[in-house]
>>> print(open('coords_15.cif').read())   # mmCIF, C-alpha atoms
data_data
loop_
_atom_site.label_atom_id
_atom_site.label_comp_id
_atom_site.auth_asym_id
_atom_site.auth_seq_id
_atom_site.Cartn_x
_atom_site.Cartn_y
_atom_site.Cartn_z
CA MET D 1 -4.64 25.75 -3.75
CA HIS D 2 -1.03 24.81 -3.11
CA ASP D 3 1.19 22.61 -5.26
CA ALA D 4 1.85 19.28 -3.52
CA VAL D 5 5.39 18.24 -4.36
CA ILE D 6 7.37 15.06 -3.86
CA VAL D 7 10.66 15.87 -2.19
CA ASP D 8 11.83 12.28 -1.92
CA VAL D 9 10.65 8.69 -2.30
CA ILE D 10 12.35 5.56 -1.00
CA ARG D 11 11.70 1.88 -0.52
CA THR D 12 13.20 -1.19 1.07
CA PRO D 13 14.40 -4.06 -1.06
CA SER D 14 11.69 -6.61 -1.74
CA GLY D 15 11.89 -9.72 0.39
CA ARG D 16 10.26 -13.07 -0.24
CA GLY D 17 7.07 -13.09 1.81
CA LYS D 18 7.64 -16.41 3.48
CA PRO D 19 9.69 -17.69 6.44
CA GLY D 20 13.37 -17.40 5.62
CA GLY D 21 12.93 -14.38 3.35
CA GLN D 22 15.51 -11.63 3.78
CA LEU D 23 13.07 -9.36 5.63
CA SER D 24 11.05 -12.03 7.41
CA GLU D 25 12.83 -11.60 10.75
CA ILE D 26 11.97 -7.89 10.91
CA HIS D 27 8.76 -6.86 12.68
CA PRO D 28 6.56 -4.80 10.29
CA VAL D 29 6.54 -1.87 12.73
CA ASP D 30 10.35 -1.86 12.69
CA LEU D 31 10.43 -2.27 8.90
CA LEU D 32 8.28 0.82 8.41
CA ALA D 33 10.08 2.70 11.20
CA GLU D 34 13.46 2.22 9.50
CA THR D 35 11.96 3.54 6.27
CA LEU D 36 10.50 6.64 7.95
CA GLU D 37 13.76 7.29 9.80
CA ALA D 38 15.81 7.02 6.59
CA LEU D 39 13.45 9.32 4.70
CA VAL D 40 13.72 12.26 7.08
CA ALA D 41 17.43 11.70 7.73
CA ARG D 42 18.51 11.80 4.12
CA ASN D 43 16.54 15.03 3.55
CA GLY D 44 17.56 16.79 6.76
CA VAL D 45 13.94 17.24 7.85
CA ASP D 46 13.11 17.66 11.51
CA PRO D 47 10.63 14.86 12.31
CA ALA D 48 8.80 17.25 14.64
CA ALA D 49 7.77 19.29 11.58
CA VAL D 50 5.87 16.38 10.04
CA ASP D 51 2.14 17.08 10.27
CA ASP D 52 1.02 13.49 9.73
CA VAL D 53 2.12 10.04 8.60
CA ILE D 54 -0.45 8.18 6.49
CA ALA D 55 0.43 4.56 5.84
CA GLY D 56 -1.23 1.81 3.85
CA CYS D 57 -1.47 -1.74 5.17
CA VAL D 58 -3.86 -4.44 4.00
CA SER D 59 -3.64 -7.28 6.53
CA GLN D 60 -4.24 -5.26 9.66
CA ALA D 61 -3.96 -8.18 12.04
CA GLY D 62 -1.47 -9.46 14.59
CA GLU D 63 1.76 -7.49 14.35
CA GLN D 64 0.22 -5.10 11.83
CA THR D 65 -2.77 -4.12 13.93
CA PHE D 66 -3.31 -1.29 16.47
CA ASN D 67 -2.45 1.36 13.84
CA VAL D 68 0.90 0.27 12.40
CA ALA D 69 1.52 3.83 11.14
CA ARG D 70 1.41 5.39 14.61
CA ASN D 71 3.46 2.56 16.07
CA ALA D 72 6.10 3.03 13.37
CA VAL D 73 6.21 6.79 14.04
CA LEU D 74 7.04 6.10 17.66
CA ALA D 75 9.46 3.30 16.78
CA ALA D 76 11.29 5.65 14.41
CA GLY D 77 11.97 8.02 17.30
CA PHE D 78 9.74 10.80 15.98
CA PRO D 79 8.39 13.12 18.70
CA ASP D 80 5.18 11.79 20.18
CA THR D 81 3.44 14.90 18.84
CA VAL D 82 3.60 13.42 15.31
CA PRO D 83 0.39 11.47 14.54
CA GLY D 84 -0.06 8.53 12.22
CA THR D 85 -2.99 6.71 10.68
CA THR D 86 -3.34 3.45 8.78
CA ILE D 87 -5.66 3.02 5.81
CA ASP D 88 -6.85 0.10 3.70
CA ARG D 89 -7.78 0.43 0.07
CA GLN D 90 -6.51 -3.06 -0.54
CA CYS D 91 -3.56 -3.20 -2.95
CA GLY D 92 -3.79 0.56 -3.55
CA SER D 93 -3.56 1.47 0.13
CA SER D 94 -0.34 3.48 0.00
CA GLN D 95 -1.24 5.04 -3.35
CA GLN D 96 -4.38 6.22 -1.60
CA ALA D 97 -2.19 7.39 1.31
CA ALA D 98 -0.21 9.53 -1.13
CA MET D 99 -3.44 10.89 -2.59
CA PHE D 100 -4.77 11.83 0.85
CA ALA D 101 -1.42 13.36 1.78
CA ALA D 102 -1.22 15.43 -1.40
CA GLN D 103 -4.83 16.58 -1.11
CA GLY D 104 -4.14 17.69 2.46
CA VAL D 105 -1.19 19.75 1.25
CA MET D 106 -3.12 21.19 -1.69
CA THR D 107 -5.89 22.42 0.58
CA GLY D 108 -3.53 23.89 3.15
CA GLN D 109 -4.21 21.37 5.92
CA TYR D 110 -0.67 20.01 5.82
CA GLU D 111 2.71 21.54 5.10
CA ILE D 112 4.78 18.38 5.48
CA VAL D 113 3.32 14.88 5.40
CA ILE D 114 4.67 11.39 4.80
CA ALA D 115 2.74 8.83 2.78
CA ALA D 116 3.95 5.30 3.30
CA GLY D 117 3.07 1.64 3.29
CA VAL D 118 4.17 -1.65 4.76
CA GLU D 119 3.32 -5.33 4.48
CA SER D 120 5.06 -8.32 5.99
CA MET D 121 3.44 -11.22 4.21
CA SER D 122 5.89 -13.67 5.75
CA ARG D 123 4.73 -12.80 9.26
CA ILE D 124 1.10 -11.82 8.57
CA PRO D 125 -0.17 -14.11 5.80
CA LEU D 126 -2.64 -12.81 3.24
CA GLY D 127 -6.18 -13.08 4.60
CA SER D 128 -5.13 -12.96 8.26
CA SER D 129 -7.29 -9.92 8.93
CA ALA D 130 -10.44 -11.96 8.26
CA GLY D 131 -9.48 -14.34 11.03
CA GLY D 132 -11.50 -17.12 9.42
CA MET D 133 -14.68 -15.05 9.64
CA ASN D 134 -17.10 -14.01 6.88
CA PRO D 135 -16.15 -10.45 5.85
CA TYR D 136 -19.15 -9.98 3.53
CA GLY D 137 -22.29 -10.31 5.64
CA THR D 138 -25.59 -11.45 4.16
CA ARG D 139 -26.55 -8.61 1.83
CA ILE D 140 -23.53 -8.93 -0.45
CA LYS D 141 -24.32 -12.64 -0.76
CA GLU D 142 -27.85 -11.71 -1.77
CA ARG D 143 -26.54 -9.28 -4.39
CA TYR D 144 -24.02 -11.79 -5.76
CA PRO D 145 -25.71 -15.15 -5.10
CA GLU D 146 -23.13 -17.16 -7.03
CA GLY D 147 -20.44 -15.69 -4.81
CA LEU D 148 -17.37 -13.54 -5.40
CA VAL D 149 -13.99 -15.11 -6.15
CA ASN D 150 -10.37 -14.58 -5.20
CA GLN D 151 -8.12 -12.37 -7.28
CA GLY D 152 -6.44 -15.28 -9.02
CA VAL D 153 -9.76 -16.37 -10.49
CA SER D 154 -10.47 -12.77 -11.50
CA ALA D 155 -7.13 -12.74 -13.30
CA GLU D 156 -8.20 -15.93 -15.10
CA LEU D 157 -11.49 -14.34 -16.16
CA ILE D 158 -9.62 -11.31 -17.50
CA ALA D 159 -7.22 -13.49 -19.49
CA GLN D 160 -10.20 -15.32 -20.98
CA GLN D 161 -12.23 -12.19 -21.75
CA TRP D 162 -9.29 -10.36 -23.36
CA GLY D 163 -8.11 -13.45 -25.21
CA PHE D 164 -4.61 -13.81 -23.77
CA ASN D 165 -2.98 -17.18 -24.14
CA ARG D 166 -0.51 -18.80 -21.76
CA GLU D 167 2.48 -17.87 -23.91
CA GLN D 168 1.59 -14.16 -23.81
CA LEU D 169 1.25 -14.22 -20.03
CA ASP D 170 4.54 -16.02 -19.51
CA GLU D 171 6.42 -13.84 -22.00
CA PHE D 172 5.20 -10.71 -20.22
CA SER D 173 6.27 -12.19 -16.88
CA ALA D 174 9.74 -13.05 -18.15
CA ARG D 175 10.01 -9.47 -19.43
CA SER D 176 9.30 -8.20 -15.93
CA HIS D 177 12.24 -10.12 -14.50
CA ARG D 178 14.53 -9.18 -17.39
CA LEU D 179 13.84 -5.46 -17.01
CA ALA D 180 14.22 -5.64 -13.22
CA VAL D 181 17.62 -7.29 -13.63
CA GLU D 182 18.67 -4.58 -16.11
CA ALA D 183 17.57 -1.88 -13.63
CA ARG D 184 19.49 -3.23 -10.62
CA ASP D 185 22.11 -0.49 -10.71
CA ALA D 186 19.43 2.18 -11.13
CA PHE D 187 17.55 0.85 -8.09
CA ALA D 188 20.43 2.01 -5.90
CA ASP D 189 18.86 5.50 -6.01
CA GLU D 190 15.60 4.32 -4.49
CA ILE D 191 16.43 1.40 -2.19
CA ILE D 192 17.52 1.97 1.39
CA PRO D 193 19.62 -0.75 3.03
CA ILE D 194 17.81 -2.89 5.56
CA GLY D 195 20.14 -5.15 7.52
CA GLY D 196 22.77 -4.49 4.87
CA MET D 197 20.48 -5.80 2.11
CA LEU D 198 20.11 -3.73 -1.06
CA VAL D 199 18.92 -6.24 -3.69
CA ASP D 200 15.36 -7.32 -4.43
CA GLU D 201 15.13 -10.95 -3.41
CA THR D 202 12.09 -11.60 -5.59
CA VAL D 203 13.86 -10.93 -8.91
CA ARG D 204 15.01 -14.11 -10.66
CA GLU D 205 17.70 -13.52 -13.27
CA SER D 206 17.25 -16.98 -14.79
CA THR D 207 13.53 -16.54 -15.55
CA THR D 208 12.47 -17.35 -19.11
CA ALA D 209 9.10 -17.80 -20.74
CA GLU D 210 10.11 -21.38 -21.55
CA GLY D 211 10.83 -22.08 -17.90
CA LEU D 212 7.56 -20.51 -16.78
CA ALA D 213 5.65 -22.70 -19.24
CA GLY D 214 6.26 -25.71 -17.02
CA LEU D 215 4.31 -24.31 -14.05
CA ASN D 216 0.78 -25.48 -13.30
CA PRO D 217 -2.26 -23.21 -12.84
CA ALA D 218 -2.49 -22.05 -9.23
CA PHE D 219 -6.15 -21.24 -8.70
CA ARG D 220 -8.13 -24.04 -10.33
CA THR D 221 -10.24 -26.21 -8.02
CA ASP D 222 -12.89 -28.76 -8.93
CA GLU D 223 -15.58 -26.46 -7.55
CA LEU D 224 -14.37 -23.45 -9.54
CA ALA D 225 -13.89 -25.54 -12.68
CA ALA D 226 -17.53 -26.58 -12.42
CA ARG D 227 -18.62 -22.97 -11.93
CA PHE D 228 -16.53 -21.71 -14.86
CA PRO D 229 -16.51 -24.66 -17.29
CA ASP D 230 -15.22 -22.61 -20.23
CA LEU D 231 -12.11 -21.32 -18.45
CA ASP D 232 -8.77 -22.47 -19.83
CA TRP D 233 -6.85 -22.08 -16.59
CA LYS D 234 -3.50 -20.36 -17.19
CA ILE D 235 -2.63 -18.16 -14.17
CA THR D 236 0.38 -19.70 -12.42
CA PRO D 237 2.81 -18.66 -9.67
CA GLY D 238 5.14 -17.54 -12.46
CA ASN D 239 2.78 -15.05 -14.09
CA SER D 240 1.51 -13.74 -10.74
CA SER D 241 3.17 -11.39 -8.27
CA PRO D 242 4.89 -13.24 -5.41
CA LEU D 243 4.15 -12.92 -1.71
CA THR D 244 6.41 -10.09 -0.57
CA ASP D 245 7.72 -8.19 2.44
CA GLY D 246 8.52 -4.50 2.08
CA ALA D 247 7.98 -0.88 3.02
CA SER D 248 8.15 2.42 1.15
CA ALA D 249 7.57 6.11 1.84
CA ALA D 250 7.20 9.50 0.15
CA LEU D 251 8.05 12.90 1.65
CA ILE D 252 5.35 15.30 0.45
CA MET D 253 5.24 19.06 1.06
CA SER D 254 3.79 22.26 -0.22
CA ALA D 255 6.06 23.87 -2.80
CA GLU D 256 6.36 26.89 -0.51
CA LYS D 257 7.51 24.77 2.42
CA ALA D 258 10.06 22.90 0.34
CA LYS D 259 11.49 26.21 -0.88
CA SER D 260 11.70 27.63 2.65
CA LEU D 261 13.65 24.53 3.74
CA GLY D 262 16.00 24.73 0.77
CA LEU D 263 14.77 21.40 -0.61
CA ALA D 264 14.43 20.76 -4.33
CA PRO D 265 11.16 19.00 -5.23
CA ARG D 266 11.54 16.06 -7.58
CA ALA D 267 7.96 15.98 -8.87
CA ARG D 268 4.50 17.36 -8.23
CA PHE D 269 1.12 15.71 -8.04
CA HIS D 270 -1.03 16.75 -10.98
CA SER D 271 -4.25 14.70 -11.02
CA PHE D 272 -5.98 11.88 -9.15
CA ALA D 273 -8.82 9.46 -9.74
CA VAL D 274 -10.36 6.56 -7.89
CA THR D 275 -13.12 4.33 -9.14
CA GLY D 276 -15.13 1.23 -8.37
CA SER D 277 -15.50 -1.66 -10.81
CA ASP D 278 -17.06 -5.10 -11.14
CA PRO D 279 -16.10 -7.00 -7.96
CA LEU D 280 -16.08 -10.31 -9.83
CA LEU D 281 -13.54 -9.21 -12.44
CA MET D 282 -12.20 -7.03 -9.64
CA LEU D 283 -8.90 -6.05 -11.28
CA THR D 284 -10.16 -4.13 -14.32
CA GLY D 285 -10.80 -0.82 -12.54
CA ILE D 286 -7.44 0.47 -13.73
CA ILE D 287 -8.94 0.98 -17.19
CA PRO D 288 -11.75 3.42 -16.24
CA ALA D 289 -9.55 4.97 -13.54
CA THR D 290 -6.90 5.77 -16.14
CA ARG D 291 -9.44 7.28 -18.51
CA LYS D 292 -10.85 9.33 -15.65
CA VAL D 293 -7.50 10.73 -14.51
CA LEU D 294 -6.42 11.56 -18.07
CA GLU D 295 -9.67 13.44 -18.63
CA ARG D 296 -9.21 15.37 -15.39
CA ALA D 297 -5.64 16.23 -16.35
CA ASP D 298 -6.65 17.22 -19.92
CA LEU D 299 -3.91 14.92 -21.18
CA ASN D 300 -3.89 11.73 -23.23
CA ILE D 301 -2.04 8.45 -22.88
CA ASP D 302 0.55 9.47 -25.48
CA ASP D 303 1.53 12.46 -23.31
CA MET D 304 2.74 10.08 -20.61
CA ASP D 305 6.47 9.29 -20.60
CA ALA D 306 6.17 6.24 -18.34
CA TYR D 307 3.39 4.18 -16.82
CA GLU D 308 3.54 2.08 -13.66
CA VAL D 309 0.66 -0.40 -13.79
CA ASN D 310 0.77 -2.88 -10.95
CA GLU D 311 1.52 -6.40 -12.12
CA ALA D 312 -0.69 -8.25 -9.67
CA PHE D 313 -1.10 -10.81 -12.47
CA ALA D 314 0.19 -10.62 -16.05
CA SER D 315 -3.32 -10.45 -17.50
CA VAL D 316 -4.04 -7.17 -15.68
CA PRO D 317 -1.47 -4.79 -17.28
CA LEU D 318 -1.90 -6.59 -20.61
CA ALA D 319 -5.64 -5.84 -20.59
CA TRP D 320 -4.90 -2.22 -19.61
CA LEU D 321 -2.34 -1.93 -22.40
CA GLN D 322 -4.78 -3.27 -24.97
CA ASP D 323 -7.76 -1.15 -23.94
CA LEU D 324 -5.76 2.08 -23.63
CA ASP D 325 -3.80 1.42 -26.84
CA ALA D 326 -0.71 2.39 -24.85
CA ASP D 327 2.96 2.09 -25.77
CA PRO D 328 4.29 -1.21 -24.36
CA ASP D 329 7.81 0.22 -24.11
CA LYS D 330 6.60 2.79 -21.55
CA LEU D 331 4.92 0.16 -19.39
CA ASN D 332 6.81 -0.76 -16.21
CA PRO D 333 10.20 -0.07 -17.85
CA ARG D 334 12.09 -1.23 -14.74
CA GLY D 335 10.02 -4.37 -14.36
CA GLY D 336 6.92 -4.73 -12.27
CA ALA D 337 5.47 -6.62 -9.34
CA ILE D 338 5.83 -10.02 -10.99
CA ALA D 339 9.58 -9.52 -10.50
CA LEU D 340 9.83 -6.80 -7.85
CA GLY D 341 7.12 -8.21 -5.63
CA HIS D 342 3.80 -6.94 -4.37
CA ALA D 343 4.01 -6.11 -0.68
CA LEU D 344 0.32 -5.14 -0.70
CA GLY D 345 0.15 -2.08 1.58
CA SER D 346 3.55 -0.86 0.40
CA SER D 347 3.03 -1.26 -3.34
CA GLY D 348 1.46 2.15 -4.03
CA THR D 349 4.39 4.19 -2.75
CA ARG D 350 6.80 1.57 -4.16
CA LEU D 351 5.42 2.20 -7.64
CA LEU D 352 5.61 5.95 -7.02
CA THR D 353 9.25 5.61 -5.99
CA THR D 354 10.13 3.71 -9.15
CA LEU D 355 8.13 6.10 -11.35
CA VAL D 356 9.85 9.24 -10.03
CA ASN D 357 13.28 7.70 -10.53
CA GLN D 358 12.41 6.47 -14.03
CA LEU D 359 11.26 9.95 -15.11
CA GLU D 360 14.43 11.50 -13.72
CA SER D 361 16.72 8.99 -15.42
CA THR D 362 15.09 9.51 -18.83
CA GLY D 363 14.23 13.21 -18.62
CA GLY D 364 10.53 12.41 -18.96
CA ARG D 365 7.93 14.89 -17.80
CA TRP D 366 4.67 13.02 -17.18
CA GLY D 367 4.19 9.77 -15.27
CA LEU D 368 1.03 7.75 -14.70
CA GLN D 369 0.53 5.19 -11.95
CA THR D 370 -2.47 2.93 -11.52
CA MET D 371 -3.27 0.08 -9.19
CA CYS D 372 -6.00 -2.58 -9.26
CA GLU D 373 -7.56 -3.33 -5.88
CA GLY D 374 -9.50 -6.06 -4.16
CA GLY D 375 -13.25 -5.71 -4.13
CA GLY D 376 -13.28 -4.01 -7.53
CA MET D 377 -11.58 -0.62 -7.22
CA ALA D 378 -8.60 1.25 -8.67
CA ASN D 379 -6.53 4.37 -8.08
CA ALA D 380 -4.81 6.42 -10.78
CA THR D 381 -2.32 9.25 -10.28
CA ILE D 382 -0.50 11.55 -12.68
CA ILE D 383 2.73 13.24 -11.59
CA GLU D 384 4.92 15.80 -13.30
CA ARG D 385 8.69 15.66 -12.94
CA LEU D 386 10.22 18.96 -11.85
#
>>> encode(input="coords_15.cif", output="structure tokens")
Amino acid sequence: MHDAVIVDVIRTPSGRGKPGGQLSEIHPVDLLAETLEALVARNGVDPAAVDDVIAGCVSQAGEQTFNVARNAVLAAGFPDTVPGTTIDRQCGSSQQAAMFAAQGVMTGQYEIVIAAGVESMSRIPLGSSAGGMNPYGTRIKERYPEGLVNQGVSAELIAQQWGFNREQLDEFSARSHRLAVEARDAFADEIIPIGGMLVDETVRESTTAEGLAGLNPAFRTDELAARFPDLDWKITPGNSSPLTDGASAALIMSAEKAKSLGLAPRARFHSFAVTGSDPLLMLTGIIPATRKVLERADLNIDDMDAYEVNEAFASVPLAWLQDLDADPDKLNPRGGAIALGHALGSSGTRLLTTLVNQLESTGGRWGLQTMCEGGGMANATIIERL
């Protein structure tokens, strides 16, 4: 087995995922292509040496269909001998891309591979890939006769089950923005300029828990209120991740290849886990996935120097924090998706980018990343800073 090392990780700034957002005029193929081009250029890597590009993308429709990874490879000017493939593990798509890339290196199938992700939610709205059709068929309906729910309702169910009140959710969300504002200078090491833009558009410096308290619940309908009569609806746009545009990428190699190219690895992949979970609660898989990856690594949560737990909704990392009895100061120390945005297919390698830079800035050794995913799944990854 070979060590799979991270030579570099980069991301675009986060753009508001709606018309008029700072990245909304950029085609998703071009957005990912610029990211791929910047990654190889700043490391002096010949694109022809890249064995594969594996990219995550959730809404594979319209401008993001026909294998956005391969299209971005060609748009970036890579030789046409470089392949690309697009994968969908919902919100964890590019974290899964990094896992597949690293596993390919570890088994000797790749020497150099790029894991990446892209999502333009301004141009390809969430749910576009369903095209108004039923994505579940008849047998899932038979198994879950009351029906599954959207992620916002799952976040509500988690808040209720774990006993979080509105104030806790809003305070956590305000913390996300505050930490992201404090990290703006540090983000210069991970953000590549797109159209001259270097600042995350989704971060709101003026955000306070008191201000968030005035927002109304976003997912309550009369039908859902009748189905869940005991729910005290408290998930709002303010304690949820915003619609976001963005791309990110990681340059992954064998340790031997990095050495032969004179490149200094920044971190190595240590352990991986992926798990399924209740598709109704949907977002709780990060808890068993974390336990699974820690067991595989023969480490415990206190060994970790930083955790990146995707802030799809405030109730999700709070439930993870409570169940793992983890240190809140190590959780998303540069802010999370509530502030930095959640560009679906890009979020996995975005979190990886932020985690590597956080470990380097603090001298930490171990980092843990975990991502809840639609349909009831989760990925977890442990990296070691080198």
>>> closest_residue(input="coords_15.cif", among="D:Ser315, D:Val274, D:Gly117, D:Ala258", to="Ile87 in chain D", atoms="only C-alpha atoms")
D:Gly117
>>> closest_atom_pairs(input="coords_15.cif", of="range 241-306 of chain D", to="range 135-149 of chain D", cutoff="12 Å", atoms="only C-alpha atoms", output="tab-separated table")
residue	atom	partner	partner_atom	distance
D:Asp278	CA	D:Leu148	CA	10.2
D:Pro279	CA	D:Leu148	CA	7.1
D:Leu280	CA	D:Leu148	CA	5.6
D:Leu281	CA	D:Val149	CA	8.6
D:Met282	CA	D:Val149	CA	9.0
D:Leu283	CA	D:Val149	CA	11.6
>>> atom_distance(input="coords_15.cif", atom1="CA of Ala98 in chain D", atom2="CA of Pro265 in chain D")
15.4 Å
>>> closest_residue(input="coords_15.cif", among="D:Ile6, D:Cys57, D:Ala319, D:Ala48", to="Thr81 in chain D", atoms="only C-alpha atoms")
D:Ala48
>>> resolve_selection(input="coords_15.cif", expression="the PyMOL selection byres ((chain D and resi 239) around 9)", output="list in words")
Leu169, Asp170, Glu171, Phe172, Ser173, Ala174, Leu212, Lys234, Ile235, Thr236, Pro237, Gly238, Ser240, Ser241, Glu311, Ala312, Phe313, Ala314, Ser315 and Ile338 of chain D
>>> residues_around(input="coords_15.cif", residues="Ser24 in chain D", least_positions_apart="2", cutoff="8 Å", atoms="only C-alpha atoms", output="list of chain:residue names")
D:Gly15, D:Arg16, D:Gly17, D:Lys18, D:Pro19, D:Gly20, D:Gly21, D:Gln22, D:Ile26, D:His27, D:Ser120, D:Ser122, D:Arg123, D:Asp245
>>> write_last_selection(input="coords_15.cif", atoms="C-alpha atoms", output="tab-separated table (two decimals), in the frame of the given file")
chain	number	residue	atom	x	y	z
D	15	GLY	CA	11.89	-9.72	0.39
D	16	ARG	CA	10.26	-13.07	-0.24
D	17	GLY	CA	7.07	-13.09	1.81
D	18	LYS	CA	7.64	-16.41	3.48
D	19	PRO	CA	9.69	-17.69	6.44
D	20	GLY	CA	13.37	-17.40	5.62
D	21	GLY	CA	12.93	-14.38	3.35
D	22	GLN	CA	15.51	-11.63	3.78
D	26	ILE	CA	11.97	-7.89	10.91
D	27	HIS	CA	8.76	-6.86	12.68
D	120	SER	CA	5.06	-8.32	5.99
D	122	SER	CA	5.89	-13.67	5.75
D	123	ARG	CA	4.73	-12.80	9.26
D	245	ASP	CA	7.72	-8.19	2.44
>>> closest_atom_pairs(input="coords_15.cif", of="range 6-51 of chain D", to="range 103-115 of chain D", cutoff="7 Å", atoms="only C-alpha atoms", output="Markdown table")
| residue | atom | partner | partner_atom | distance |
| --- | --- | --- | --- | --- |
| D:Ala49 | CA | D:Ile112 | CA | 6.9 |
| D:Val50 | CA | D:Ile112 | CA | 5.1 |
| D:Asp51 | CA | D:Val113 | CA | 5.5 |
>>> closest_residue(input="coords_15.cif", among="D:Glu190, D:Glu63, D:Asp303, D:Asp80", to="Gln358 in chain D", atoms="only C-alpha atoms")
D:Glu190
>>> atom_distance(input="coords_15.cif", atom1="CA of Glu295 in chain D", atom2="CA of Gln369 in chain D")
14.7 Å
>>> resolve_selection(input="coords_15.cif", expression="the PyMOL selection byres ((chain D and resi 47) around 12)", output="ChimeraX atom specification")
/D:36-46,48-53,73-74,76-83,112-114,251
>>> resolve_selection(input="coords_15.cif", expression="the PyMOL selection byres ((chain D and resi 231) around 10)", output="PyMOL selection string")
chain D and resi 153+156-157+159-161+220+224-230+232-234
>>> closest_residue(input="coords_15.cif", among="D:Ala213, D:Ala188, D:Val68, D:Ala380", to="Phe269 in chain D", atoms="all atoms listed in the file")
D:Ala380
>>> residues_around(input="coords_15.cif", residues="Gly376 in chain D", least_positions_apart="2", cutoff="12 Å", atoms="all atoms listed in the file", output="MDAnalysis selection string")
chainID D and resid 89:92 148:151 154 274:289 371:374 378:379
>>> atom_distance(input="coords_15.cif", atom1="CA of Asp185 in chain D", atom2="CA of Ser361 in chain D")
11.9 Å
>>> closest_residue(input="coords_15.cif", among="D:Gly375, D:Gly348, D:Gly336, D:Gly246", to="Ile191 in chain D", atoms="only C-alpha atoms")
D:Gly246
>>> closest_residue(input="coords_15.cif", among="D:Ala97, D:Ala4, D:Ala267, D:Ala273", to="Gly363 in chain D", atoms="all atoms listed in the file")
D:Ala267
>>> residues_around(input="coords_15.cif", residues="Val203 in chain D", least_positions_apart="5", cutoff="6 Å", atoms="only C-alpha atoms", output="count of residues only")
3
>>> residues_around(input="coords_15.cif", residues="Ala69 in chain D", least_positions_apart="6", cutoff="7 Å", atoms="all atoms listed in the file", output="PDB file with C-alpha atoms, in the frame of the given file")
ATOM      1  CA  VAL D  53       2.120  10.040   8.600  1.00  0.00           C
ATOM      2  CA  ILE D  54      -0.450   8.180   6.490  1.00  0.00           C
ATOM      3  CA  ALA D  55       0.430   4.560   5.840  1.00  0.00           C
ATOM      4  CA  GLY D  84      -0.060   8.530  12.220  1.00  0.00           C
ATOM      5  CA  THR D  85      -2.990   6.710  10.680  1.00  0.00           C
ATOM      6  CA  THR D  86      -3.340   3.450   8.780  1.00  0.00           C
TER       7      THR D  86
END
>>> residues_near_point(input="coords_15.cif", point="(3.2, 4.0, -2.7)", cutoff="8 Å", atoms="only C-alpha atoms", output="compact mmCIF listing (two decimals) with C-alpha atoms, in the coordinates of the input")
# COMPACT_ATOMS: atom_id res chain seq x y z
CA GLY D 92 -3.79 0.56 -3.55
CA SER D 93 -3.56 1.47 0.13
CA SER D 94 -0.34 3.48 0.00
CA GLN D 95 -1.24 5.04 -3.35
CA GLN D 96 -4.38 6.22 -1.60
CA ALA D 97 -2.19 7.39 1.31
CA ALA D 98 -0.21 9.53 -1.13
CA ALA D 115 2.74 8.83 2.78
CA ALA D 116 3.95 5.30 3.30
CA GLY D 117 3.07 1.64 3.29
CA SER D 248 8.15 2.42 1.15
CA ALA D 249 7.57 6.11 1.84
CA ALA D 250 7.20 9.50 0.15
CA SER D 346 3.55 -0.86 0.40
CA SER D 347 3.03 -1.26 -3.34
CA GLY D 348 1.46 2.15 -4.03
CA THR D 349 4.39 4.19 -2.75
CA ARG D 350 6.80 1.57 -4.16
CA LEU D 351 5.42 2.20 -7.64
CA LEU D 352 5.61 5.95 -7.02
CA THR D 353 9.25 5.61 -5.99
